[in-house]
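One file, protein-v6.csv, carrying CSV, C-alpha atoms:
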```csv
chain,number,residue,atom,x,y,z
L,1,MET,CA,72.4,84.4,229.0
L,2,LYS,CA,71.5,87.1,231.4
L,3,LYS,CA,71.6,85.1,234.5
L,4,HIS,CA,75.2,84.0,233.7
L,5,CYS,CA,76.4,87.5,233.2
L,6,GLY,CA,79.3,89.1,235.2
L,7,LEU,CA,80.6,92.7,235.3
L,8,ILE,CA,84.3,93.3,235.3
L,9,ILE,CA,85.5,96.8,236.2
L,10,ILE,CA,89.2,97.2,235.6
L,11,ASP,CA,91.8,99.5,237.4
L,12,MET,CA,89.5,102.2,238.6
L,13,GLN,CA,91.9,103.1,241.4
L,14,ASN,CA,92.8,106.6,242.6
L,15,ASP,CA,96.3,106.4,241.1
L,16,PHE,CA,94.9,105.9,237.6
L,17,VAL,CA,91.7,108.0,237.8
L,18,LEU,CA,92.2,111.1,240.0
L,19,PRO,CA,93.3,114.0,237.7
L,20,ASN,CA,96.1,115.1,240.1
L,21,SER,CA,97.8,111.7,240.1
L,22,PRO,CA,101.0,111.3,238.0
L,23,PHE,CA,99.6,108.0,236.6
L,24,CYS,CA,96.2,109.4,235.7
L,25,VAL,CA,94.8,108.0,232.5
L,26,ALA,CA,93.4,111.1,230.8
L,27,GLY,CA,90.0,109.7,229.9
L,28,ALA,CA,89.3,107.7,233.1
L,29,TYR,CA,87.7,110.4,235.3
L,30,ASN,CA,85.1,111.2,232.8
L,31,THR,CA,83.8,107.6,232.6
L,32,ILE,CA,82.8,107.5,236.3
L,33,PRO,CA,79.1,108.3,235.5
L,34,GLU,CA,78.9,105.6,232.9
L,35,ILE,CA,80.6,103.0,235.0
L,36,SER,CA,78.3,104.0,237.9
L,37,GLU,CA,75.3,103.4,235.7
L,38,ILE,CA,76.3,100.0,234.5
L,39,LEU,CA,77.3,99.0,238.0
L,40,LYS,CA,73.8,100.1,239.2
L,41,VAL,CA,72.2,97.9,236.6
L,42,PHE,CA,74.2,94.8,237.8
L,43,ARG,CA,73.5,95.6,241.4
L,44,GLU,CA,69.8,95.9,240.8
L,45,MET,CA,69.8,92.6,238.8
L,46,GLN,CA,71.9,91.0,241.5
L,47,TRP,CA,74.4,89.8,238.9
L,48,PRO,CA,78.0,89.3,240.0
L,49,VAL,CA,80.5,92.2,240.0
L,50,PHE,CA,84.3,91.9,239.8
L,51,HIS,CA,86.5,94.8,240.7
L,52,VAL,CA,89.9,94.1,239.3
L,53,VAL,CA,92.8,96.1,240.7
L,54,ARG,CA,96.5,96.4,240.4
L,55,GLU,CA,98.8,95.9,243.5
L,56,HIS,CA,102.5,95.9,243.5
L,57,ARG,CA,105.3,95.2,245.9
L,58,ALA,CA,107.3,98.3,246.7
L,59,ASP,CA,110.6,96.7,245.5
L,60,GLY,CA,109.2,96.3,242.0
L,61,SER,CA,109.7,92.6,241.8
L,62,ASP,CA,106.2,92.0,240.5
L,63,VAL,CA,106.0,94.9,238.1
L,64,GLU,CA,106.1,94.3,234.3
L,65,ILE,CA,109.7,94.2,233.1
L,66,THR,CA,109.3,97.2,230.8
L,67,ARG,CA,108.0,99.3,233.7
L,68,VAL,CA,110.3,98.5,236.6
L,69,LYS,CA,112.6,101.4,236.1
L,70,LYS,CA,109.9,104.0,236.1
L,71,PHE,CA,108.1,102.3,238.9
L,72,LEU,CA,111.1,102.5,241.2
L,73,GLU,CA,111.3,106.3,240.5
L,74,LYS,CA,107.6,106.8,241.3
L,75,LYS,CA,105.5,104.0,242.7
L,76,TYR,CA,101.9,103.2,242.2
L,77,CYS,CA,99.3,100.8,243.5
L,78,ILE,CA,101.1,100.1,246.7
L,79,PRO,CA,98.7,98.3,249.1
L,80,GLY,CA,97.8,100.5,252.0
L,81,THR,CA,98.1,103.7,250.1
L,82,LYS,CA,95.2,105.9,249.2
L,83,GLY,CA,96.3,105.7,245.5
L,84,CYS,CA,95.8,102.0,245.5
L,85,GLU,CA,92.2,102.2,246.6
L,86,ILE,CA,89.2,102.0,244.3
L,87,ILE,CA,87.8,105.5,243.7
L,88,ASP,CA,85.1,106.4,246.2
L,89,ALA,CA,82.3,106.5,243.6
L,90,LEU,CA,82.9,102.9,242.7
L,91,LYS,CA,83.7,101.3,246.0
L,92,PRO,CA,82.7,97.6,246.2
L,93,VAL,CA,79.8,96.6,248.4
L,94,PRO,CA,79.6,93.3,250.3
L,95,GLY,CA,79.2,90.3,248.0
L,96,GLU,CA,81.2,91.8,245.2
L,97,TYR,CA,84.6,90.4,244.2
L,98,ARG,CA,87.9,92.1,244.4
L,99,ILE,CA,90.6,90.6,242.1
L,100,VAL,CA,94.2,91.6,242.4
L,101,LYS,CA,96.5,91.4,239.4
L,102,THR,CA,100.1,92.4,238.7
L,103,ARG,CA,100.0,92.1,234.9
L,104,PHE,CA,97.9,93.6,232.0
L,105,SER,CA,95.3,90.9,231.7
L,106,ALA,CA,92.8,90.3,234.6
L,107,PHE,CA,93.1,86.6,233.8
L,108,MET,CA,96.9,86.3,234.1
L,109,LYS,CA,97.8,84.4,237.3
L,110,THR,CA,94.6,85.5,239.1
L,111,GLU,CA,91.6,83.5,240.4
L,112,LEU,CA,89.2,85.3,238.0
L,113,ASP,CA,88.7,82.3,235.7
L,114,PHE,CA,88.2,80.0,238.6
L,115,ILE,CA,85.5,82.2,240.2
L,116,LEU,CA,83.7,82.9,236.9
L,117,ARG,CA,83.5,79.1,236.2
L,118,ARG,CA,82.2,78.3,239.7
L,119,SER,CA,79.7,81.1,239.4
L,120,ASP,CA,78.5,79.6,236.1
L,121,ILE,CA,79.2,82.9,234.3
L,122,SER,CA,79.6,82.4,230.6
L,123,HIS,CA,79.2,86.1,229.6
L,124,ILE,CA,81.5,88.9,230.8
L,125,VAL,CA,80.9,92.6,230.5
L,126,ILE,CA,84.0,94.7,230.6
L,127,CYS,CA,84.7,98.4,231.4
L,128,GLY,CA,87.3,100.6,233.2
L,129,THR,CA,90.7,101.6,232.1
L,130,GLN,CA,92.7,101.6,229.9
L,131,TYR,CA,91.8,100.5,226.4
L,132,PRO,CA,95.2,99.5,224.8
L,133,VAL,CA,96.6,97.7,227.8
L,134,CYS,CA,94.5,96.0,230.6
L,135,ILE,CA,91.1,96.3,228.9
L,136,ARG,CA,92.3,94.8,225.6
L,137,THR,CA,94.4,92.0,227.0
L,138,THR,CA,91.6,91.0,229.3
L,139,ILE,CA,89.1,90.9,226.4
L,140,PHE,CA,91.5,88.8,224.2
L,141,ASP,CA,92.1,86.4,227.1
L,142,GLY,CA,88.3,86.3,227.8
L,143,VAL,CA,87.6,85.3,224.2
L,144,SER,CA,90.4,82.8,224.3
L,145,TYR,CA,89.0,81.1,227.4
L,146,GLY,CA,85.6,80.8,225.6
L,147,TYR,CA,83.6,83.6,227.3
L,148,HIS,CA,81.1,85.7,225.5
L,149,VAL,CA,82.5,89.2,225.9
L,150,THR,CA,80.8,92.6,225.8
L,151,LEU,CA,82.8,95.8,226.0
L,152,ILE,CA,81.0,98.9,227.3
L,153,THR,CA,82.6,101.5,225.1
L,154,ASP,CA,81.5,104.7,227.0
L,155,ALA,CA,82.5,103.2,230.4
L,156,THR,CA,86.0,102.5,229.2
L,157,SER,CA,88.9,105.0,228.7
L,158,ALA,CA,92.2,105.7,227.2
L,159,GLU,CA,94.7,108.6,227.1
L,160,THR,CA,93.1,110.0,223.9
L,161,PRO,CA,89.8,109.4,222.0
L,162,GLU,CA,91.9,108.2,219.0
L,163,ILE,CA,93.6,105.5,221.1
L,164,ALA,CA,90.1,104.5,222.3
L,165,GLU,CA,88.7,104.3,218.8
L,166,THR,CA,91.6,102.4,217.2
L,167,ASN,CA,91.4,99.8,220.0
L,168,ILE,CA,87.6,99.5,219.6
L,169,ARG,CA,88.2,98.9,215.9
L,170,ASP,CA,90.6,96.0,216.6
L,171,ILE,CA,88.4,94.5,219.3
L,172,LYS,CA,85.3,94.6,217.1
L,173,ASN,CA,87.3,92.9,214.4
L,174,ILE,CA,87.8,89.8,216.5
L,175,GLY,CA,84.0,89.6,216.9
L,176,VAL,CA,83.5,91.2,220.3
L,177,GLU,CA,80.2,93.0,221.0
L,178,CYS,CA,80.9,96.7,221.7
L,179,LEU,CA,78.0,98.6,223.2
L,180,THR,CA,77.4,101.8,225.1
L,181,VAL,CA,75.7,101.6,228.5
L,182,ALA,CA,72.4,102.7,226.9
L,183,GLU,CA,72.7,100.1,224.2
L,184,PHE,CA,73.5,97.4,226.7
L,185,SER,CA,70.4,98.2,228.7
L,186,GLU,CA,68.3,98.1,225.6
L,187,VAL,CA,69.8,94.8,224.3
L,188,PHE,CA,69.6,93.1,227.7
L,189,GLY,CA,66.2,94.6,228.6
L,190,VAL,CA,67.4,95.9,231.9
N,191,MET,CA,122.0,89.6,225.6
N,192,LYS,CA,122.7,88.4,222.0
N,193,LYS,CA,123.4,84.8,222.8
N,194,HIS,CA,120.0,84.5,224.6
N,195,CYS,CA,118.0,85.8,221.7
N,196,GLY,CA,115.3,83.9,219.9
N,197,LEU,CA,113.3,84.7,216.8
N,198,ILE,CA,109.6,84.1,216.7
N,199,ILE,CA,107.8,84.1,213.3
N,200,ILE,CA,104.0,84.0,213.7
N,201,ASP,CA,101.4,82.6,211.3
N,202,MET,CA,103.2,82.8,208.0
N,203,GLN,CA,101.1,80.0,206.6
N,204,ASN,CA,99.7,79.8,203.1
N,205,ASP,CA,96.1,80.4,204.3
N,206,PHE,CA,97.1,83.8,205.8
N,207,VAL,CA,99.8,84.9,203.3
N,208,LEU,CA,99.0,83.8,199.7
N,209,PRO,CA,97.0,86.6,198.0
N,210,ASN,CA,94.5,84.2,196.5
N,211,SER,CA,93.5,82.8,200.0
N,212,PRO,CA,90.2,83.9,201.4
N,213,PHE,CA,91.9,84.5,204.8
N,214,CYS,CA,94.8,86.4,203.4
N,215,VAL,CA,96.1,89.3,205.6
N,216,ALA,CA,96.5,92.1,203.1
N,217,GLY,CA,100.0,93.2,204.2
N,218,ALA,CA,101.5,89.7,204.8
N,219,TYR,CA,102.8,88.8,201.4
N,220,ASN,CA,104.9,92.0,201.1
N,221,THR,CA,106.8,91.2,204.3
N,222,ILE,CA,108.3,88.0,203.0
N,223,PRO,CA,111.6,89.7,202.0
N,224,GLU,CA,112.0,91.3,205.4
N,225,ILE,CA,111.2,88.2,207.3
N,226,SER,CA,113.6,86.2,205.1
N,227,GLU,CA,116.3,88.8,206.0
N,228,ILE,CA,115.8,88.6,209.7
N,229,LEU,CA,115.6,84.8,209.5
N,230,LYS,CA,118.9,84.8,207.6
N,231,VAL,CA,120.5,86.8,210.4
N,232,PHE,CA,119.4,84.3,213.0
N,233,ARG,CA,120.4,81.3,211.0
N,234,GLU,CA,123.9,82.8,210.4
N,235,MET,CA,124.3,83.6,214.1
N,236,GLN,CA,122.9,80.1,215.0
N,237,TRP,CA,120.4,81.7,217.3
N,238,PRO,CA,117.1,79.7,217.9
N,239,VAL,CA,114.2,80.2,215.6
N,240,PHE,CA,110.5,79.5,216.5
N,241,HIS,CA,107.9,79.1,213.7
N,242,VAL,CA,104.5,79.6,215.3
N,243,VAL,CA,101.5,78.3,213.4
N,244,ARG,CA,97.8,77.8,213.8
N,245,GLU,CA,96.2,74.4,213.5
N,246,HIS,CA,92.5,73.7,214.0
N,247,ARG,CA,90.3,70.6,214.2
N,248,ALA,CA,87.9,70.5,211.3
N,249,ASP,CA,84.9,70.4,213.8
N,250,GLY,CA,85.8,73.9,215.1
N,251,SER,CA,86.0,72.7,218.7
N,252,ASP,CA,89.3,74.4,219.2
N,253,VAL,CA,88.6,77.7,217.4
N,254,GLU,CA,88.1,81.0,219.3
N,255,ILE,CA,84.4,81.3,220.3
N,256,THR,CA,83.9,84.5,218.2
N,257,ARG,CA,85.1,82.8,215.1
N,258,VAL,CA,83.5,79.3,215.1
N,259,LYS,CA,80.6,80.2,212.9
N,260,LYS,CA,82.7,81.6,210.1
N,261,PHE,CA,85.2,78.8,210.5
N,262,LEU,CA,82.6,76.2,209.9
N,263,GLU,CA,81.5,78.0,206.7
N,264,LYS,CA,85.1,78.1,205.4
N,265,LYS,CA,87.9,76.4,207.2
N,266,TYR,CA,91.5,77.3,207.6
N,267,CYS,CA,94.7,75.9,209.1
N,268,ILE,CA,93.5,72.3,208.8
N,269,PRO,CA,96.6,70.0,209.3
N,270,GLY,CA,97.4,68.2,206.1
N,271,THR,CA,96.2,70.9,203.8
N,272,LYS,CA,98.4,73.1,201.7
N,273,GLY,CA,96.9,76.2,203.4
N,274,CYS,CA,98.1,75.1,206.8
N,275,GLU,CA,101.7,74.8,205.7
N,276,ILE,CA,104.3,77.6,206.3
N,277,ILE,CA,104.9,79.4,203.0
N,278,ASP,CA,107.7,78.0,200.9
N,279,ALA,CA,110.0,81.0,201.3
N,280,LEU,CA,110.1,80.6,205.1
N,281,LYS,CA,110.1,76.8,205.5
N,282,PRO,CA,111.8,75.7,208.8
N,283,VAL,CA,115.1,74.0,208.5
N,284,PRO,CA,116.2,71.1,210.8
N,285,GLY,CA,116.9,72.4,214.3
N,286,GLU,CA,114.2,75.1,214.2
N,287,TYR,CA,111.1,74.8,216.4
N,288,ARG,CA,107.6,74.6,215.2
N,289,ILE,CA,105.0,75.6,217.8
N,290,VAL,CA,101.3,75.0,217.2
N,291,LYS,CA,98.7,77.3,218.8
N,292,THR,CA,94.9,77.5,218.6
N,293,ARG,CA,94.6,81.0,220.2
N,294,PHE,CA,95.8,84.5,219.6
N,295,SER,CA,98.9,84.4,221.8
N,296,ALA,CA,101.8,82.1,221.0
N,297,PHE,CA,102.2,81.6,224.7
N,298,MET,CA,98.6,80.5,225.5
N,299,LYS,CA,98.6,76.7,226.2
N,300,THR,CA,101.7,76.1,224.1
N,301,GLU,CA,105.1,74.8,225.1
N,302,LEU,CA,106.8,78.1,223.9
N,303,ASP,CA,107.6,79.4,227.4
N,304,PHE,CA,109.0,76.0,228.5
N,305,ILE,CA,111.3,75.8,225.5
N,306,LEU,CA,112.4,79.4,225.8
N,307,ARG,CA,113.3,78.9,229.4
N,308,ARG,CA,115.2,75.7,228.8
N,309,SER,CA,117.1,77.3,226.0
N,310,ASP,CA,118.0,80.2,228.3
N,311,ILE,CA,116.4,82.7,226.0
N,312,SER,CA,115.7,86.0,227.8
N,313,HIS,CA,115.1,88.1,224.7
N,314,ILE,CA,112.5,87.4,222.0
N,315,VAL,CA,112.3,89.0,218.6
N,316,ILE,CA,108.9,89.0,217.0
N,317,CYS,CA,107.6,89.3,213.5
N,318,GLY,CA,104.9,87.8,211.2
N,319,THR,CA,101.2,88.4,211.0
N,320,GLN,CA,99.0,90.0,212.1
N,321,TYR,CA,99.6,93.1,214.2
N,322,PRO,CA,96.3,93.6,216.1
N,323,VAL,CA,95.8,89.9,217.0
N,324,CYS,CA,98.4,87.2,217.3
N,325,ILE,CA,101.4,89.6,217.2
N,326,ARG,CA,100.1,91.9,219.8
N,327,THR,CA,98.8,89.3,222.3
N,328,THR,CA,102.1,87.4,222.0
N,329,ILE,CA,104.1,90.6,222.7
N,330,PHE,CA,102.0,91.5,225.8
N,331,ASP,CA,102.3,87.9,227.1
N,332,GLY,CA,106.0,88.0,226.4
N,333,VAL,CA,106.4,91.2,228.5
N,334,SER,CA,104.2,89.7,231.2
N,335,TYR,CA,106.4,86.6,231.5
N,336,GLY,CA,109.4,88.8,231.8
N,337,TYR,CA,111.0,88.5,228.4
N,338,HIS,CA,112.8,91.4,226.7
N,339,VAL,CA,110.8,91.9,223.5
N,340,THR,CA,111.8,93.4,220.2
N,341,LEU,CA,109.2,93.8,217.5
N,342,ILE,CA,110.5,93.9,213.9
N,343,THR,CA,108.2,96.5,212.4
N,344,ASP,CA,108.8,96.0,208.7
N,345,ALA,CA,108.7,92.2,209.0
N,346,THR,CA,105.2,92.3,210.6
N,347,SER,CA,101.9,93.0,208.9
N,348,ALA,CA,98.2,94.0,209.2
N,349,GLU,CA,95.2,94.5,206.9
N,350,THR,CA,96.1,98.1,206.5
N,351,PRO,CA,99.1,100.4,207.2
N,352,GLU,CA,96.9,102.4,209.6
N,353,ILE,CA,96.1,99.3,211.7
N,354,ALA,CA,99.8,98.5,211.8
N,355,GLU,CA,100.7,102.1,212.9
N,356,THR,CA,98.2,102.3,215.7
N,357,ASN,CA,99.2,99.0,217.0
N,358,ILE,CA,102.9,99.9,216.9
N,359,ARG,CA,102.0,103.1,218.9
N,360,ASP,CA,100.3,101.0,221.7
N,361,ILE,CA,103.1,98.5,221.7
N,362,LYS,CA,105.8,101.2,222.0
N,363,ASN,CA,103.7,102.8,224.8
N,364,ILE,CA,104.3,99.7,227.1
N,365,GLY,CA,108.0,100.0,226.5
N,366,VAL,CA,108.6,97.5,223.8
N,367,GLU,CA,111.5,98.1,221.4
N,368,CYS,CA,110.3,98.5,217.9
N,369,LEU,CA,112.9,98.3,215.1
N,370,THR,CA,113.1,97.7,211.4
N,371,VAL,CA,115.3,94.8,210.2
N,372,ALA,CA,118.0,97.3,209.3
N,373,GLU,CA,117.9,98.9,212.7
N,374,PHE,CA,117.9,95.5,214.4
N,375,SER,CA,121.1,94.6,212.5
N,376,GLU,CA,122.7,97.8,213.5
N,377,VAL,CA,121.7,97.7,217.1
N,378,PHE,CA,122.7,94.1,217.5
N,379,GLY,CA,125.8,94.4,215.3
N,380,VAL,CA,124.9,91.5,213.1
```

Represent the structure contained in this file as structure tokens.
Amino acid sequence: MKKHCGLIIIDMQNDFVLPNSPFCVAGAYNTIPEISEILKVFREMQWPVFHVVREHRADGSDVEITRVKKFLEKKYCIPGTKGCEIIDALKPVPGEYRIVKTRFSAFMKTELDFILRRSDISHIVICGTQYPVCIRTTIFDGVSYGYHVTLITDATSAETPEIAETNIRDIKNIGVECLTVAEFSEVFGV
Amino acid sequence: MKKHCGLIIIDMQNDFVLPNSPFCVAGAYNTIPEISEILKVFREMQWPVFHVVREHRADGSDVEITRVKKFLEKKYCIPGTKGCEIIDALKPVPGEYRIVKTRFSAFMKTELDFILRRSDISHIVICGTQYPVCIRTTIFDGVSYGYHVTLITDATSAETPEIAETNIRDIKNIGVECLTVAEFSEVFGV
């Protein structure tokens, strides 16, 4: 199983993570050490890493229908801006994948599934932000497409600990493995 | 908006609703009056109705990967069984659509989106069971595909009221309209 394992880090962009950003997810900044740790494990094992990011056209034409109005008032994830970039601490290194999405799930209308299949990855390990939206939809799609999915709980964030907990409850209830970074290292012997 | 409105009722099958079924969702049975009420509104207005159901092959080959083991121990939604049928109180009438799914979202690998488009439906109204799984994934996919989505809160169920509430919180947070049947009738003037 281990050699077919891929790490998926979701939406750890300046706009969503830096505390002074208007779109900051409250819990995201504090997960940087844990994400760095799981990223280090994957780099050392030379297992594939996928950095999933949002990008949007400035006219809002590719923004979710419920968010267009707010987006046009204050834009986020515009390519070329500092806010759109992955935070410095988690910058991709050569050989890692960058996947651009415009919706909640990292699978929706992206090449993620194609690359995972070609890379012979049957097990995906998910972290990043935020629990009730992009994390959760990506997990449910991952299960639907037949991947074994592991969620790294302490490397994933939400606006509040309660939102995180209730989402972990629902995610566990569909049979997804939920581990901390430390538990992952133990279970996987890495 | 009203003339382009479709009702989607999810998974109200005997296996998931009848209290003596091993797969019964605890809250589902009690929503039958509210679902009947919203269904009556749509029938009177002659707006399209979609009954979404699960069906699975008995060998489990089309069951979600996290559920295969349990499914093979005790099967559900096998075509031809009583358990697979829509509950008597909500049986489709001629002219209503029956959509079969094998995954959480009613959009995943089904003809739902095709039929909605051809029917010129831009607004979908969702109810049924259960909140954290098929209801929620269908709502997030509906928003992703650009539909206006309304959730009928008292015509939708979960294992516990707390699971229902925390899911409604997350669903509201992405900008989805959440109304009771009574509120829907008022807002839509029906």

Wanna dump the segment 210-234 of chain N-segment 364-374 of chain N contacts at 9 Å for me, each residue with its shortest atom pair and the distance in Å to one decimal, counting only C-alpha atoms, ordered by chain and number, as JSON lines?
```
{"residue": "N:Glu224", "atom": "CA", "partner": "N:Val371", "partner_atom": "CA", "distance": 6.8}
{"residue": "N:Ile225", "atom": "CA", "partner": "N:Val371", "partner_atom": "CA", "distance": 8.3}
{"residue": "N:Glu227", "atom": "CA", "partner": "N:Val371", "partner_atom": "CA", "distance": 7.4}
{"residue": "N:Ile228", "atom": "CA", "partner": "N:Val371", "partner_atom": "CA", "distance": 6.2}
```

Report task. When you get a sec, could you note down which chain L residues fall within 8 Å of chain N, using all atoms listed in the file, as a PyMOL selection string? Result -> chain L and resi 64-67+103-104+132-133+137+140+143-144+146-148+163+166+170+174-176

**Report entry** Test item: which residues lie within 12 Å of (94.7, 73.6, 208.7) counting only C-alpha atoms, as a ChimeraX atom specification
**Finding:** /N:201,203-206,213,243-250,252-253,261,264-276,290-292

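The shell of residues at most 7 Å from Gly128 of chain L, with all atoms listed in the file counted and near chain neighbours (fewer than 3 positions) removed, consists of Ile9, Ile10, Asp11, Met12, Ala155, Thr156 and Ser157 of chain L.
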
Query raised in the report: Using all atoms listed in the file, which residue out of L:Leu116, L:Ile126, L:Leu151, L:Val41 lies closest to Gly189 of chain L?
Result: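 Ranking L:Leu116, L:Ile126, L:Leu151, L:Val41 by distance to Gly189 of chain L, first place goes to L:Val41.
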
Requested in this report: Just the residues within 9 Å of Pro238 of chain N, please, counting only C-alpha atoms, with nothing from its chain fewer than 3 positions along; format it as a list in words.
Outcome: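 Close residues of Pro238 of chain N: His194, Cys195, Gly196, Leu197, Ile198, Phe232, Arg233, Gly285, Glu286, Tyr287, Ser309 and Ile311 of chain N.
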
Step by step: start from the point (79.4, 96.4, 249.3) in the file's coordinates, keep every protein, DNA or RNA residue that has an atom no farther than 12 Å from it, count all atoms listed in the file, and write the set as a short mmCIF file (atom, residue, chain, number, x, y, z; two decimals) with C-alpha atoms, in the frame of the given file.
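Full text of selection-v6.cif as output:
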```cif
data_model
loop_
_atom_site.label_atom_id
_atom_site.label_comp_id
_atom_site.auth_asym_id
_atom_site.auth_seq_id
_atom_site.Cartn_x
_atom_site.Cartn_y
_atom_site.Cartn_z
CA LEU L 39 77.30 99.00 238.00
CA ARG L 43 73.50 95.60 241.40
CA PRO L 48 78.00 89.30 240.00
CA VAL L 49 80.50 92.20 240.00
CA PHE L 50 84.30 91.90 239.80
CA HIS L 51 86.50 94.80 240.70
CA ASP L 88 85.10 106.40 246.20
CA ALA L 89 82.30 106.50 243.60
CA LEU L 90 82.90 102.90 242.70
CA LYS L 91 83.70 101.30 246.00
CA PRO L 92 82.70 97.60 246.20
CA VAL L 93 79.80 96.60 248.40
CA PRO L 94 79.60 93.30 250.30
CA GLY L 95 79.20 90.30 248.00
CA GLU L 96 81.20 91.80 245.20
CA TYR L 97 84.60 90.40 244.20
CA ARG L 98 87.90 92.10 244.40
#
```

Report task. Using only C-alpha atoms, determine which residues lie at most 8 Å from Tyr219 of chain N, disregarding the query and same-chain residues fewer than 4 positions distant; provide the list as a PyMOL selection string. Result -> chain N and resi 207-209+215

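The spacing separating atom CA of Ala296 of chain N from atom CA of Ile329 of chain N amounts to 9.0 Å.
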
Report task. Could you jot down the atom CA of Ile99 of chain L to atom CA of Glu111 of chain L separation for me, Å, one decimal place? Result ->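 Between these atoms lies a distance of 7.4 Å.
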
Ala216 of chain N: which residues within 7 Å, counting only C-alpha atoms, same-chain residues fewer than 5 positions away excluded, as a PDB file with C-alpha atoms, in the frame of the given file?
```pdb
ATOM      1  CA  ALA N 348      98.200  94.000 209.200  1.00  0.00           C
ATOM      2  CA  GLU N 349      95.200  94.500 206.900  1.00  0.00           C
ATOM      3  CA  THR N 350      96.100  98.100 206.500  1.00  0.00           C
TER       4      THR N 350
END
```

Report task. Go ahead and compute the interatomic distance for atom CA of Ser36 of chain L and atom CA of Val190 of chain L, in Å to one decimal. Result ->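 Straight-line distance from atom CA of Ser36 of chain L to atom CA of Val190 of chain L works out to 14.8 Å.
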